[in-house]
Amino acid sequence: MRTPENAIQQIISSEKNTGLRSIGEKILNQQRITPQEGLLLFEKASLSYAGSLANFVRERLHGDKTYFNRNFHIEPTNVCVFSCAFCAYSRLYANREEGWELSSEQMMDIIRSYDGKPVTEVHIVGGVHPKLNLAFFADLMRKIKAHRPDLHIKGYTAVELDYMFRKAKVSVEEGMKLLHEAGLDSMPGGGAEIFHPEIRQVICADKVDAEGWLAIHRAAHELGMHSNATMLYGHIEKYIHLVDHMERLRQLQDQTHGFNTFIPLKFRNKDNDMSHVPESSVVQDMKLYAVARLYMDNFPHLKAYWPMLGRQNAQLTLAFGVNDLDGTIDDSTKIYSMAGSEEQNPSLTTAQLVSLIRQANREPVERDTLYREIRNYRHVDLSEMEANPLYN
Ligand code: V47
Ligand code: SF4
């Protein structure tokens, strides 16, 4: 009988490079690959070899299941004290009249606009505004929870938190505890970019460094919170920096088991200080996802963030290790469109997401932020969904 194991064994046996063959054997036997082997995959593996192995791992972990959630974004401000070279979104505090800044009440209006709608998560992320401090955000958490206790709040990158905690003169542990007790449930993975100082110095020299980013996620995990981790790829970094980035995350995950999802973010070059840097090709994108799936063996999920990648390429990643497409998002502001992503004001209906996943022959599963299954859409009739306002 032809099993997935037989099929992948045949692919491994016909690989000519002995190093790649031995990586294949390790993957088959659920053994960890080393940083050197990660590098070899980037340097020498064909897209089809890396992709077949990654797809094998993806299906071993999740079968055809492809997760998404129903969420919306709030961006409190695009004013930022930092000046990352890849960021098309932020406005320096000195030019704050060109930016926006939402009051607590305006953010509560956004929360209230989802009353009665079956969203499960609000994702709060924005620039680092010197006046929006720890007390302001703790108060916002309490207001959101008082209004809608069951809404999961995934908020603040380690960059925002690092600044908030330093400004409030509290330790990372104290700050995390305060926000968690106020209602913050989990943390998104942003701000990681590329950890290696050679690259970090060029693309985002002034914000929290690798050690600081990892310490904040460690503190969250130690409180029992979950978080995600991103990697901004496809600009001036080399393979070695990608492997170094993934290795640091893999090591922390071995200790805390607090990460849910690894999210590679494709660098987009519109309207920022790195516009001269060409973007990666689709082949490079798919290879990156495949290697990430193989390397990040202790991360349960690999997410393609569709606004950055575009819907069609996000669909393609489902054959290269990815098992999660984020969510409906509903972002009326500009963080992603300003960076040149393919989506202007990104938003997909549940019916559209389900359809995207089905077109790739996968099984759409709505999840909550912690990957508890809410509904499997395998047999749900699409035309019924399209006609039902709850899915649109
Ligand atoms: O850290 C900024 C990225 C991130 C560009 O955890 C860019 O579920 C590409 O982390 N090209 C913030 N990327 C967004 C983020 C995120 C998004 C969705 C889900 C989750 C999650 C996290 O956006 C930043 C930065 O890496 N970014 N500019 C750009 N030009
Ligand atoms: Fe500020 Fe984040 Fe943009 Fe960097 S990426 S400038 S921290 S908003």
# chains A, B, ... in the order shown; residues from 1 in each chain; ligands from 1

$ residues_around --residues "Arg218 of chain A" --least-positions-apart "5" --cutoff "8 Å" --atoms "only C-alpha atoms" --output "list in words"
Leu252, Thr256 and Gly258 of chain A

$ select_by_dssp --residues "segment 120-333 of chain A" --states "strand (DSSP E)" --output "PyMOL selection string"
chain A and resi 121-124+152-155+186-187+226-233+259-266+301-302+324-327

$ select_by_dssp --residues "segment 150-197 of chain A" --states "alpha helix (DSSP H)" --output "list in words"
Ala158, Val159, Glu160, Leu161, Asp162, Tyr163, Met164, Phe165, Arg166, Lys167, Ala168, Val172, Glu173, Glu174, Gly175, Met176, Lys177, Leu178, Leu179, His180, Glu181, Ala182 and Pro197 of chain A

$ write_last_selection --atoms "N, CA, C and O atoms" --output "CSV table (one decimal), in the first residue's frame"
chain,number,residue,atom,x,y,z
A,158,ALA,N,6.3,43.0,21.3
A,158,ALA,CA,7.3,43.2,22.3
A,158,ALA,C,7.9,44.6,22.2
A,158,ALA,O,8.4,45.1,23.2
A,159,VAL,N,7.9,45.2,21.0
A,159,VAL,CA,8.5,46.5,20.8
A,159,VAL,C,7.7,47.5,21.6
A,159,VAL,O,8.2,48.4,22.3
A,160,GLU,N,6.3,47.5,21.4
A,160,GLU,CA,5.5,48.4,22.1
A,160,GLU,C,5.6,48.1,23.7
A,160,GLU,O,5.6,49.1,24.4
A,161,LEU,N,5.6,46.9,24.1
A,161,LEU,CA,5.6,46.6,25.5
A,161,LEU,C,7.0,47.0,26.1
A,161,LEU,O,7.0,47.6,27.2
A,162,ASP,N,8.1,46.8,25.4
A,162,ASP,CA,9.4,47.1,25.9
A,162,ASP,C,9.4,48.6,26.3
A,162,ASP,O,9.8,49.1,27.3
A,163,TYR,N,8.9,49.4,25.3
A,163,TYR,CA,8.9,50.9,25.5
A,163,TYR,C,7.9,51.3,26.7
A,163,TYR,O,8.3,52.1,27.5
A,164,MET,N,6.7,50.7,26.7
A,164,MET,CA,5.8,51.0,27.7
A,164,MET,C,6.3,50.7,29.1
A,164,MET,O,6.2,51.4,30.1
A,165,PHE,N,7.0,49.5,29.3
A,165,PHE,CA,7.5,49.1,30.6
A,165,PHE,C,8.6,50.0,31.0
A,165,PHE,O,8.7,50.4,32.2
A,166,ARG,N,9.5,50.3,30.1
A,166,ARG,CA,10.7,51.1,30.4
A,166,ARG,C,10.2,52.5,30.9
A,166,ARG,O,10.7,53.1,31.8
A,167,LYS,N,9.2,53.0,30.1
A,167,LYS,CA,8.7,54.4,30.4
A,167,LYS,C,8.0,54.4,31.8
A,167,LYS,O,8.1,55.3,32.5
A,168,ALA,N,7.3,53.3,32.1
A,168,ALA,CA,6.6,53.2,33.4
A,168,ALA,C,7.5,52.8,34.5
A,168,ALA,O,7.1,52.7,35.7
A,172,VAL,N,9.9,43.9,33.3
A,172,VAL,CA,9.1,43.1,32.2
A,172,VAL,C,8.1,42.2,32.9
A,172,VAL,O,6.9,42.2,32.5
A,173,GLU,N,8.5,41.6,34.0
A,173,GLU,CA,7.6,40.6,34.7
A,173,GLU,C,6.4,41.4,35.3
A,173,GLU,O,5.3,41.0,35.1
A,174,GLU,N,6.7,42.5,35.9
A,174,GLU,CA,5.6,43.3,36.5
A,174,GLU,C,4.7,43.9,35.5
A,174,GLU,O,3.5,43.8,35.6
A,175,GLY,N,5.3,44.4,34.4
A,175,GLY,CA,4.4,45.0,33.4
A,175,GLY,C,3.5,44.0,32.7
A,175,GLY,O,2.3,44.2,32.5
A,176,MET,N,4.1,42.8,32.4
A,176,MET,CA,3.3,41.7,31.8
A,176,MET,C,2.2,41.3,32.7
A,176,MET,O,1.0,41.1,32.3
A,177,LYS,N,2.5,41.2,34.0
A,177,LYS,CA,1.5,40.7,35.0
A,177,LYS,C,0.3,41.7,35.0
A,177,LYS,O,-0.8,41.4,35.0
A,178,LEU,N,0.7,43.0,35.1
A,178,LEU,CA,-0.3,44.1,35.2
A,178,LEU,C,-1.2,44.0,34.0
A,178,LEU,O,-2.5,44.1,34.1
A,179,LEU,N,-0.7,43.9,32.8
A,179,LEU,CA,-1.5,43.9,31.6
A,179,LEU,C,-2.4,42.6,31.5
A,179,LEU,O,-3.5,42.7,31.1
A,180,HIS,N,-1.8,41.5,31.9
A,180,HIS,CA,-2.5,40.3,31.8
A,180,HIS,C,-3.7,40.3,32.8
A,180,HIS,O,-4.8,39.9,32.4
A,181,GLU,N,-3.4,40.8,34.0
A,181,GLU,CA,-4.5,40.9,35.0
A,181,GLU,C,-5.6,41.9,34.5
A,181,GLU,O,-6.8,41.8,34.8
A,182,ALA,N,-5.2,42.9,33.7
A,182,ALA,CA,-6.1,43.9,33.2
A,182,ALA,C,-7.0,43.3,32.1
A,182,ALA,O,-8.0,43.8,31.7
A,197,PRO,N,22.3,40.9,15.1
A,197,PRO,CA,22.6,42.3,15.2
A,197,PRO,C,23.1,42.9,13.9
A,197,PRO,O,22.9,44.1,13.6

$ residues_near_ligand --ligand "ligand 2" --cutoff "6 Å" --atoms "only C-alpha atoms and all ligand atoms" --output "JSON list (two decimals) with C-alpha atoms, in the first residue's frame"
[["chain", "number", "residue", "atom", "x", "y", "z"],
["A", 80, "CYS", "CA", 6.03, 56.02, 16.43],
["A", 82, "PHE", "CA", 11.16, 54.51, 16.22],
["A", 83, "SER", "CA", 12.18, 54.66, 12.60],
["A", 84, "CYS", "CA", 12.52, 51.18, 11.14],
["A", 87, "CYS", "CA", 8.21, 50.68, 7.78],
["A", 89, "TYR", "CA", 3.33, 53.09, 8.15],
["A", 90, "SER", "CA", 4.68, 55.10, 11.01],
["A", 126, "GLY", "CA", 0.32, 50.00, 16.29],
["A", 127, "GLY", "CA", 3.16, 52.46, 16.50],
["A", 128, "VAL", "CA", 4.99, 53.32, 19.69]]

$ residues_around --residues "Phe195 of chain A" --least-positions-apart "2" --cutoff "10 Å" --atoms "only C-alpha atoms" --output "VMD selection string"
chain A and resid 191 to 193 197 to 201 208 to 211 213 to 214 231 to 232 241 to 242 244 to 246 248 to 249

$ closest_residue --among "A:Pro307, A:Leu223, A:Leu382, A:Leu28" --to "Asn6 of chain A" --atoms "only C-alpha atoms"
A:Leu28

$ residues_around --residues "Asp115 of chain A" --least-positions-apart "5" --cutoff "10 Å" --atoms "only C-alpha atoms" --output "JSON, numbers by chain"
{"A": [110, 147, 148]}

$ atom_distance --atom1 "atom CA of Tyr305 of chain A" --atom2 "atom 13 (N, counted along the ligand's line) of ligand 1"
9.8 Å

$ closest_residue --among "A:Ala215, A:Met385, A:Val243, A:Ile194" --to "ligand 1" --atoms "only C-alpha atoms and all ligand atoms"
A:Ile194

$ atom_distance --atom1 "atom CA of Asn133 of chain A" --atom2 "atom CA of Lys117 of chain A"
29.8 Å

$ closest_residue --among "A:Gln31, A:Thr77, A:Thr369, A:Ser113" --to "Asp330 of chain A" --atoms "only C-alpha atoms"
A:Ser113

$ residues_around --residues "Gly189 of chain A" --least-positions-apart "6" --cutoff "8 Å" --atoms "only C-alpha atoms" --output "compact mmCIF listing (two decimals) with N, CA and C atoms, in the first residue's frame"
# COMPACT_ATOMS: atom_id res chain seq x y z
N THR A 157 3.01 44.31 20.36
CA THR A 157 4.26 43.60 20.06
C THR A 157 5.23 43.84 21.22
N ALA A 158 6.25 43.02 21.26
CA ALA A 158 7.28 43.18 22.29
C ALA A 158 7.93 44.56 22.19
N SER A 227 1.87 33.23 22.74
CA SER A 227 2.24 34.31 21.82
C SER A 227 2.67 33.70 20.49
N ASN A 228 2.88 34.58 19.52
CA ASN A 228 3.37 34.17 18.20
C ASN A 228 4.75 34.77 17.96
N ALA A 229 5.39 34.33 16.89
CA ALA A 229 6.69 34.90 16.54
C ALA A 229 6.73 35.12 15.04
N THR A 230 7.25 36.27 14.63
CA THR A 230 7.36 36.57 13.20
C THR A 230 8.82 36.59 12.77
N PHE A 262 4.40 30.29 14.11
CA PHE A 262 5.50 31.02 13.49
C PHE A 262 4.97 31.66 12.21
N ILE A 263 5.28 32.95 12.05
CA ILE A 263 4.70 33.71 10.92
C ILE A 263 5.81 34.41 10.13

$ residues_around --residues "segment 12-19 of chain A" --least-positions-apart "6" --cutoff "10 Å" --atoms "only C-alpha atoms" --output "list in words"
Asn6, Glu25, Leu28, Glu37, Leu40, Leu41, Lys44, Ala45, Ser46, Tyr49, Ser52 and Leu53 of chain A

$ atom_distance --atom1 "atom CA of Asn388 of chain A" --atom2 "atom CA of Ala314 of chain A"
25.4 Å

$ residues_around --residues "Pro76 of chain A" --least-positions-apart "6" --cutoff "9 Å" --atoms "only C-alpha atoms" --output "list in words"
Trp100, Glu101, Leu102, Ser103, Ser104, Met107, Ile124, Val125, Gly126, Gly127 and Leu132 of chain A

$ closest_residue --among "A:Met296, A:Leu20, A:Ala85, A:Ile153" --to "Asp206 of chain A" --atoms "only C-alpha atoms"
A:Ala85

$ decode --residues "segment 251-266 of chain A" --atoms "all heavy atoms" --output "PDB file, in the first residue's frame"
ATOM      1  N   GLN A 251      14.915  27.616  20.460  1.00  0.00           N
ATOM      2  CA  GLN A 251      15.482  27.377  21.799  1.00  0.00           C
ATOM      3  C   GLN A 251      14.556  27.884  22.896  1.00  0.00           C
ATOM      4  O   GLN A 251      14.365  27.219  23.914  1.00  0.00           O
ATOM      5  CB  GLN A 251      16.850  28.043  21.909  1.00  0.00           C
ATOM      6  CG  GLN A 251      17.916  27.254  21.179  1.00  0.00           C
ATOM      7  CD  GLN A 251      19.306  27.859  21.321  1.00  0.00           C
ATOM      8  OE1 GLN A 251      19.541  28.738  22.150  1.00  0.00           O
ATOM      9  NE2 GLN A 251      20.229  27.401  20.497  1.00  0.00           N
ATOM     10  N   LEU A 252      13.970  29.066  22.700  1.00  0.00           N
ATOM     11  CA  LEU A 252      13.049  29.571  23.728  1.00  0.00           C
ATOM     12  C   LEU A 252      11.823  28.661  23.828  1.00  0.00           C
ATOM     13  O   LEU A 252      11.366  28.334  24.931  1.00  0.00           O
ATOM     14  CB  LEU A 252      12.627  31.024  23.412  1.00  0.00           C
ATOM     15  CG  LEU A 252      11.636  31.627  24.416  1.00  0.00           C
ATOM     16  CD1 LEU A 252      12.177  31.609  25.847  1.00  0.00           C
ATOM     17  CD2 LEU A 252      11.256  33.057  24.043  1.00  0.00           C
ATOM     18  N   GLN A 253      11.341  28.232  22.676  1.00  0.00           N
ATOM     19  CA  GLN A 253      10.160  27.359  22.673  1.00  0.00           C
ATOM     20  C   GLN A 253      10.434  26.035  23.399  1.00  0.00           C
ATOM     21  O   GLN A 253       9.559  25.519  24.096  1.00  0.00           O
ATOM     22  CB  GLN A 253       9.717  27.112  21.221  1.00  0.00           C
ATOM     23  CG  GLN A 253       8.537  26.175  21.051  1.00  0.00           C
ATOM     24  CD  GLN A 253       7.203  26.790  21.427  1.00  0.00           C
ATOM     25  OE1 GLN A 253       7.118  27.673  22.271  1.00  0.00           O
ATOM     26  NE2 GLN A 253       6.143  26.320  20.801  1.00  0.00           N
ATOM     27  N   ASP A 254      11.663  25.511  23.279  1.00  0.00           N
ATOM     28  CA  ASP A 254      12.018  24.283  24.014  1.00  0.00           C
ATOM     29  C   ASP A 254      11.828  24.492  25.513  1.00  0.00           C
ATOM     30  O   ASP A 254      11.465  23.578  26.239  1.00  0.00           O
ATOM     31  CB  ASP A 254      13.494  23.922  23.775  1.00  0.00           C
ATOM     32  CG  ASP A 254      13.689  23.125  22.494  1.00  0.00           C
ATOM     33  OD1 ASP A 254      12.694  22.597  21.961  1.00  0.00           O
ATOM     34  OD2 ASP A 254      14.849  23.041  22.029  1.00  0.00           O
ATOM     35  N   GLN A 255      12.102  25.726  25.954  1.00  0.00           N
ATOM     36  CA  GLN A 255      12.032  25.993  27.398  1.00  0.00           C
ATOM     37  C   GLN A 255      10.630  26.328  27.872  1.00  0.00           C
ATOM     38  O   GLN A 255      10.235  25.960  28.967  1.00  0.00           O
ATOM     39  CB  GLN A 255      12.977  27.135  27.751  1.00  0.00           C
ATOM     40  CG  GLN A 255      14.437  26.811  27.504  1.00  0.00           C
ATOM     41  CD  GLN A 255      15.307  28.066  27.489  1.00  0.00           C
ATOM     42  OE1 GLN A 255      15.044  29.030  28.200  1.00  0.00           O
ATOM     43  NE2 GLN A 255      16.324  28.068  26.671  1.00  0.00           N
ATOM     44  N   THR A 256       9.852  27.063  27.062  1.00  0.00           N
ATOM     45  CA  THR A 256       8.566  27.584  27.573  1.00  0.00           C
ATOM     46  C   THR A 256       7.327  26.921  26.957  1.00  0.00           C
ATOM     47  O   THR A 256       6.264  26.949  27.551  1.00  0.00           O
ATOM     48  CB  THR A 256       8.447  29.096  27.291  1.00  0.00           C
ATOM     49  OG1 THR A 256       8.422  29.295  25.873  1.00  0.00           O
ATOM     50  CG2 THR A 256       9.586  29.880  27.914  1.00  0.00           C
ATOM     51  N   HIS A 257       7.443  26.454  25.726  1.00  0.00           N
ATOM     52  CA  HIS A 257       6.299  25.902  24.970  1.00  0.00           C
ATOM     53  C   HIS A 257       5.147  26.896  24.862  1.00  0.00           C
ATOM     54  O   HIS A 257       3.984  26.507  24.771  1.00  0.00           O
ATOM     55  CB  HIS A 257       5.804  24.585  25.587  1.00  0.00           C
ATOM     56  CG  HIS A 257       6.909  23.584  25.746  1.00  0.00           C
ATOM     57  ND1 HIS A 257       7.428  22.907  24.682  1.00  0.00           N
ATOM     58  CD2 HIS A 257       7.605  23.198  26.837  1.00  0.00           C
ATOM     59  CE1 HIS A 257       8.420  22.128  25.106  1.00  0.00           C
ATOM     60  NE2 HIS A 257       8.540  22.296  26.400  1.00  0.00           N
ATOM     61  N   GLY A 258       5.474  28.192  24.883  1.00  0.00           N
ATOM     62  CA  GLY A 258       4.404  29.204  24.873  1.00  0.00           C
ATOM     63  C   GLY A 258       4.041  29.743  23.496  1.00  0.00           C
ATOM     64  O   GLY A 258       3.042  30.453  23.353  1.00  0.00           O
ATOM     65  N   PHE A 259       4.861  29.436  22.477  1.00  0.00           N
ATOM     66  CA  PHE A 259       4.527  29.952  21.139  1.00  0.00           C
ATOM     67  C   PHE A 259       3.488  29.050  20.476  1.00  0.00           C
ATOM     68  O   PHE A 259       3.610  27.823  20.509  1.00  0.00           O
ATOM     69  CB  PHE A 259       5.761  29.978  20.235  1.00  0.00           C
ATOM     70  CG  PHE A 259       6.764  31.048  20.581  1.00  0.00           C
ATOM     71  CD1 PHE A 259       8.036  30.706  21.031  1.00  0.00           C
ATOM     72  CD2 PHE A 259       6.457  32.389  20.444  1.00  0.00           C
ATOM     73  CE1 PHE A 259       8.981  31.676  21.337  1.00  0.00           C
ATOM     74  CE2 PHE A 259       7.397  33.380  20.742  1.00  0.00           C
ATOM     75  CZ  PHE A 259       8.658  33.019  21.197  1.00  0.00           C
ATOM     76  N   ASN A 260       2.530  29.692  19.850  1.00  0.00           N
ATOM     77  CA  ASN A 260       1.557  28.946  19.043  1.00  0.00           C
ATOM     78  C   ASN A 260       2.020  28.826  17.600  1.00  0.00           C
ATOM     79  O   ASN A 260       1.957  27.767  17.006  1.00  0.00           O
ATOM     80  CB  ASN A 260       0.211  29.689  19.007  1.00  0.00           C
ATOM     81  CG  ASN A 260      -0.649  29.360  20.196  1.00  0.00           C
ATOM     82  OD1 ASN A 260      -0.517  28.284  20.778  1.00  0.00           O
ATOM     83  ND2 ASN A 260      -1.524  30.271  20.551  1.00  0.00           N
ATOM     84  N   THR A 261       2.412  29.971  17.043  1.00  0.00           N
ATOM     85  CA  THR A 261       2.514  30.056  15.584  1.00  0.00           C
ATOM     86  C   THR A 261       3.756  30.807  15.151  1.00  0.00           C
ATOM     87  O   THR A 261       4.086  31.850  15.721  1.00  0.00           O
ATOM     88  CB  THR A 261       1.310  30.856  15.028  1.00  0.00           C
ATOM     89  OG1 THR A 261       0.147  30.417  15.688  1.00  0.00           O
ATOM     90  CG2 THR A 261       1.156  30.675  13.542  1.00  0.00           C
ATOM     91  N   PHE A 262       4.400  30.294  14.113  1.00  0.00           N
ATOM     92  CA  PHE A 262       5.503  31.021  13.488  1.00  0.00           C
ATOM     93  C   PHE A 262       4.969  31.662  12.210  1.00  0.00           C
ATOM     94  O   PHE A 262       4.290  31.006  11.411  1.00  0.00           O
ATOM     95  CB  PHE A 262       6.655  30.054  13.182  1.00  0.00           C
ATOM     96  CG  PHE A 262       7.866  30.738  12.615  1.00  0.00           C
ATOM     97  CD1 PHE A 262       8.427  31.829  13.270  1.00  0.00           C
ATOM     98  CD2 PHE A 262       8.446  30.307  11.433  1.00  0.00           C
ATOM     99  CE1 PHE A 262       9.552  32.482  12.763  1.00  0.00           C
ATOM    100  CE2 PHE A 262       9.569  30.938  10.911  1.00  0.00           C
ATOM    101  CZ  PHE A 262      10.119  32.033  11.579  1.00  0.00           C
ATOM    102  N   ILE A 263       5.275  32.954  12.048  1.00  0.00           N
ATOM    103  CA  ILE A 263       4.702  33.710  10.920  1.00  0.00           C
ATOM    104  C   ILE A 263       5.812  34.411  10.128  1.00  0.00           C
ATOM    105  O   ILE A 263       6.253  35.498  10.511  1.00  0.00           O
ATOM    106  CB  ILE A 263       3.717  34.799  11.431  1.00  0.00           C
ATOM    107  CG1 ILE A 263       2.794  34.231  12.503  1.00  0.00           C
ATOM    108  CG2 ILE A 263       2.936  35.417  10.275  1.00  0.00           C
ATOM    109  CD1 ILE A 263       2.007  35.307  13.262  1.00  0.00           C
ATOM    110  N   PRO A 264       6.287  33.812   9.041  1.00  0.00           N
ATOM    111  CA  PRO A 264       7.232  34.541   8.199  1.00  0.00           C
ATOM    112  C   PRO A 264       6.484  35.676   7.481  1.00  0.00           C
ATOM    113  O   PRO A 264       5.399  35.454   6.931  1.00  0.00           O
ATOM    114  CB  PRO A 264       7.699  33.481   7.188  1.00  0.00           C
ATOM    115  CG  PRO A 264       7.348  32.150   7.819  1.00  0.00           C
ATOM    116  CD  PRO A 264       6.092  32.423   8.592  1.00  0.00           C
ATOM    117  N   LEU A 265       7.039  36.878   7.524  1.00  0.00           N
ATOM    118  CA  LEU A 265       6.391  38.016   6.851  1.00  0.00           C
ATOM    119  C   LEU A 265       7.251  38.447   5.680  1.00  0.00           C
ATOM    120  O   LEU A 265       8.437  38.776   5.854  1.00  0.00           O
ATOM    121  CB  LEU A 265       6.234  39.196   7.825  1.00  0.00           C
ATOM    122  CG  LEU A 265       5.239  39.013   8.973  1.00  0.00           C
ATOM    123  CD1 LEU A 265       5.373  40.153   9.993  1.00  0.00           C
ATOM    124  CD2 LEU A 265       3.806  38.929   8.470  1.00  0.00           C
ATOM    125  N   LYS A 266       6.651  38.449   4.498  1.00  0.00           N
ATOM    126  CA  LYS A 266       7.397  38.819   3.284  1.00  0.00           C
ATOM    127  C   LYS A 266       7.631  40.328   3.283  1.00  0.00           C
ATOM    128  O   LYS A 266       6.679  41.110   3.387  1.00  0.00           O
ATOM    129  CB  LYS A 266       6.558  38.433   2.068  1.00  0.00           C
ATOM    130  CG  LYS A 266       7.154  38.812   0.722  1.00  0.00           C
ATOM    131  CD  LYS A 266       6.098  38.552  -0.360  1.00  0.00           C
ATOM    132  CE  LYS A 266       6.516  39.065  -1.730  1.00  0.00           C
ATOM    133  NZ  LYS A 266       7.361  38.117  -2.451  1.00  0.00           N
TER     134      LYS A 266
END
